[in-house]
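Enquirer: First the structure, which I've put down as structure tokens, then a few questions once you've had a look.
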Amino acid sequence: MRWSVTREKAAINISRIAFLVGVIIFWETVSETFGLVHPVWISSPSRIVNRLINWIISGEIARHLAITLWETLLGFLIGASFGILLGLILGLYKKALAILEPYLMALNSLPRIALAPLFILWFGIGITSKVILIITMVLFILLFNTLAGVRSIDQAYLNLMLSLGGRFRHIMIKLVLPWCIPYIFAGIKLSIGMALVGAVIGEFLASNVGLGFLIAWSSSMFDTTGVFAGIIILMMLTIIIDEGMKLLEGKVQKWRPS
Amino acid sequence: MKKAVIVKNLTKSFFKLGREIPVLRNVNLTVDEGEFVSVIGPSGCGKSTLLNIISGLLRPTSGEVFVDGERVIGPCTKVGYMFQSDVLLPWRTAIANVELGLEIRNVDKEERRKIAETMIKRVGLSGFEHHYPHELSGGMRQRVALARTLVLNPTVLLMDEPFGALDAQTRMLLGNELLRLWREYNKTIIFVTHDLSEAISLAQRVVVLSKRPGTIKAQYSVDLPELRDVTKVVKEASFLNLYSTIWNDLAKEISGG
């Protein structure tokens, strides 16, 4: 039984790799071998790999990557911290929430990307404008997720904490925060990828460094290979972040029934 | 006899959409130290509200409550409260759940581990200390909740249908253990239930509440030995007589007569 399950898994993995290899070979032959579509339009796997190697050797990519990651991290950390804090406060002070909720909803429904030009106008083409853009994206996700977490706490648990003699700080540290961790985690998972997208979009619009800049610059030079190489780096980043999150999630939620 | 709990002229109303909903009306109740009293009444008669007020979680609209001679004005540390659900924290193991109240009271780590281990044994959960709540059965979870309440050594134990969600056998088994622990630790217990047979088989006195707004309709002392086997007393004549008397009271309340 176990044996057949692992075999099935292996078969799926092998088929996946075969599929990817097939796509790459098809792409390569269409553009390079037969010249059906000129590489100016769709580049080719060999050109992209070449470009990636060049970028890595020259150190070009490290410079762009470092800036984009820095913006992502900074915007994410600030946005997430404020989002969680606001979520906890609003979750516990229901009056404040009742007053602010329509405004929060309205702010959250604003398309942040449409605000990006404003942020660039106000904060310049440096990293500040990107960090602010990311904060506005991340903050609301964490705010609403944390809020949902606090709201899901049964009154009986609060009664329990009070009847055990718990004060505000006990309720916060021993009940509310651990209770909200799965909610916060879901928010983090959702928003960390978004933070990366925010950084790249900010760089698209106005900047002189970063992955988004690299892709936009390549595109303006009709350098399709550069565009694809940049996209592939973005893809790999997203996959790494995603897998990292899954790993962390397994550790955080080990008490959950499977 | 020293009085553990005194409830004086207690009235409680809730306000919903500007309308007053009376829940308890003029309740007077005295419980002796070491006594086991069960409170029974039709559902929605304010049984839980009464316990919430005695524990200090809710303020009465009028009237007052004294526990161990002191007036209750906020969450009272002399009272241990067991709820309808076990409200165990799912991310804590059984023993860590038992330690929760001790942590809040700043008992140091080694001390509280020792106290919790002893209590876990007392409630019959040896070997399950490091299981998470989702790995325990309903009965075991209530044992953990009981241990969590008892480690704080409260004078008075308030129990709000603590065995309500369990099957009949587990219920009686836990009932017997509760009686044993009650005598062993010499606690005062107020036990709320809607199960008449449970109310009589456990308590020394049964208090019957009327339908909402709840007020004390009758009180009966139970003529059974303190230490008894709850699986057997249900066949005794004094049990059966009391059962039918109280049942008549309750039936009138439920049918609205």
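A note on labels: chains of the structure tokens are A, B, ... as shown, every chain counts residues from 1, and ligands are counted from 1 in their shown order.
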Write out as JSON, numbers by chain which residues come within 8 Å of stretch 235-248 of chain A when counting only C-alpha atoms, dropping same-chain ones fewer than 6 positions away.

Expert: {"A": [189, 192, 193]}

Enquirer: Tell me, as a list in words, which residues lie within 9 Å of B:Arg180, counting only C-alpha atoms; anything in the same chain fewer than 5 positions away does not count.

Expert: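 Once the adjacent positions are removed, what remains is Gly175, Tyr185 and Leu227 of chain B.
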
Enquirer: Could you give me, as a VMD selection string, the residues within 9 Å of A:Asn208, counting only C-alpha atoms and dropping anything in the same chain fewer than 5 positions from it?

Expert: chain A and resid 125 to 126 203 213 to 214

Enquirer: Determine, using only C-alpha atoms, which residues of chain A have any atom at most 7 Å from an atom of chain B, and tabulate each with its shortest atom pair and distance in Å to one decimal place, rows ordered by chain and then rising number, as JSON lines.

Expert:
```
{"residue": "A:Ala156", "atom": "CA", "partner": "B:Val87", "partner_atom": "CA", "distance": 6.9}
{"residue": "A:Tyr157", "atom": "CA", "partner": "B:Val87", "partner_atom": "CA", "distance": 6.0}
{"residue": "A:Asn159", "atom": "CA", "partner": "B:Leu57", "partner_atom": "CA", "distance": 7.0}
{"residue": "A:Leu162", "atom": "CA", "partner": "B:Pro75", "partner_atom": "CA", "distance": 6.3}
{"residue": "A:Ser163", "atom": "CA", "partner": "B:Pro75", "partner_atom": "CA", "distance": 5.8}
{"residue": "A:Leu164", "atom": "CA", "partner": "B:Gly101", "partner_atom": "CA", "distance": 5.3}
{"residue": "A:Gly165", "atom": "CA", "partner": "B:Thr77", "partner_atom": "CA", "distance": 6.1}
{"residue": "A:Gly166", "atom": "CA", "partner": "B:Ile104", "partner_atom": "CA", "distance": 6.0}
{"residue": "A:His170", "atom": "CA", "partner": "B:Ile104", "partner_atom": "CA", "distance": 6.8}
{"residue": "A:Trp255", "atom": "CA", "partner": "B:Trp91", "partner_atom": "CA", "distance": 5.6}
{"residue": "A:Pro257", "atom": "CA", "partner": "B:His134", "partner_atom": "CA", "distance": 6.5}
```

Enquirer: Do a neighbour search on A:Leu234 at 12 Å with only C-alpha atoms, toss out local chain neighbours closer than 3 positions, and write the hits as a list of chain:residue names.

Expert: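 The contact residues come out as A:Ile61, A:His64, A:Leu65, A:Thr68, A:Leu69, A:Gly193, A:Leu196, A:Val197, A:Ala199, A:Val200, A:Gly210, A:Leu211, A:Gly212, A:Leu214, A:Ile215, A:Val227, A:Phe228, A:Ala229, A:Gly230, A:Ile231, A:Leu237, A:Thr238, A:Ile239, A:Ile240, A:Ile241.
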
Enquirer: Go ahead and compute the interatomic distance for atom CA of A:Val49 and atom CA of A:Ile232, in Å to one decimal.

Expert: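 If I compute the distance from atom CA of A:Val49 to atom CA of A:Ile232, I get 9.9 Å.
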
Enquirer: Taking 2 positions as the minimum chain separation for residues in the same chain, which residues sit within 12 Å of A:Leu90 when counting only C-alpha atoms? Answer as a list in words.

Expert: Phe82, Gly83, Ile84, Leu85, Leu86, Gly87, Leu88, Leu92, Tyr93, Lys94, Lys95, Ala96, Leu97, Ala98, Ile99, Leu100, Glu101, Leu104, Leu143, Phe144, Asn145, Thr146, Leu147, Ala148, Gly149, Val150 and Arg151 of chain A

Enquirer: Based on DSSP run over this structure's backbone, return all residues of stretch 148-206 of chain B in strand (DSSP E or B), as a PyMOL selection string.

Expert: chain B and resi 156-160+188-193+205-206

Enquirer: Nearest residue to B:Gln169 out of B:Pro154, B:Gly139, B:Gly41, B:Gly214, using only C-alpha atoms?

Expert: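 The answer is B:Gly139, which sits nearest to B:Gln169.
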
Enquirer: How many Å lie between atom CA of B:Ser255 and atom CA of B:Asp223, rounded to one decimal?

Expert: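 Atom CA of B:Asp223 lies at a distance of 28.0 Å from atom CA of B:Ser255.
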
Enquirer: Would you mind listing what lies within 7 Å of stretch 118-120 of chain B as a ChimeraX atom specification, with only C-alpha atoms counted and same-chain residues fewer than 6 positions away left out?

Expert: /B:126,147,151

Enquirer: Would you pick out the contacts of stretch 15-32 of chain A at 8 Å or less, using only C-alpha atoms, so that residues sharing its chain but fewer than 5 positions from it are not included, and give the list as a PyMOL selection string?

Expert: chain A and resi 37-39+42-46
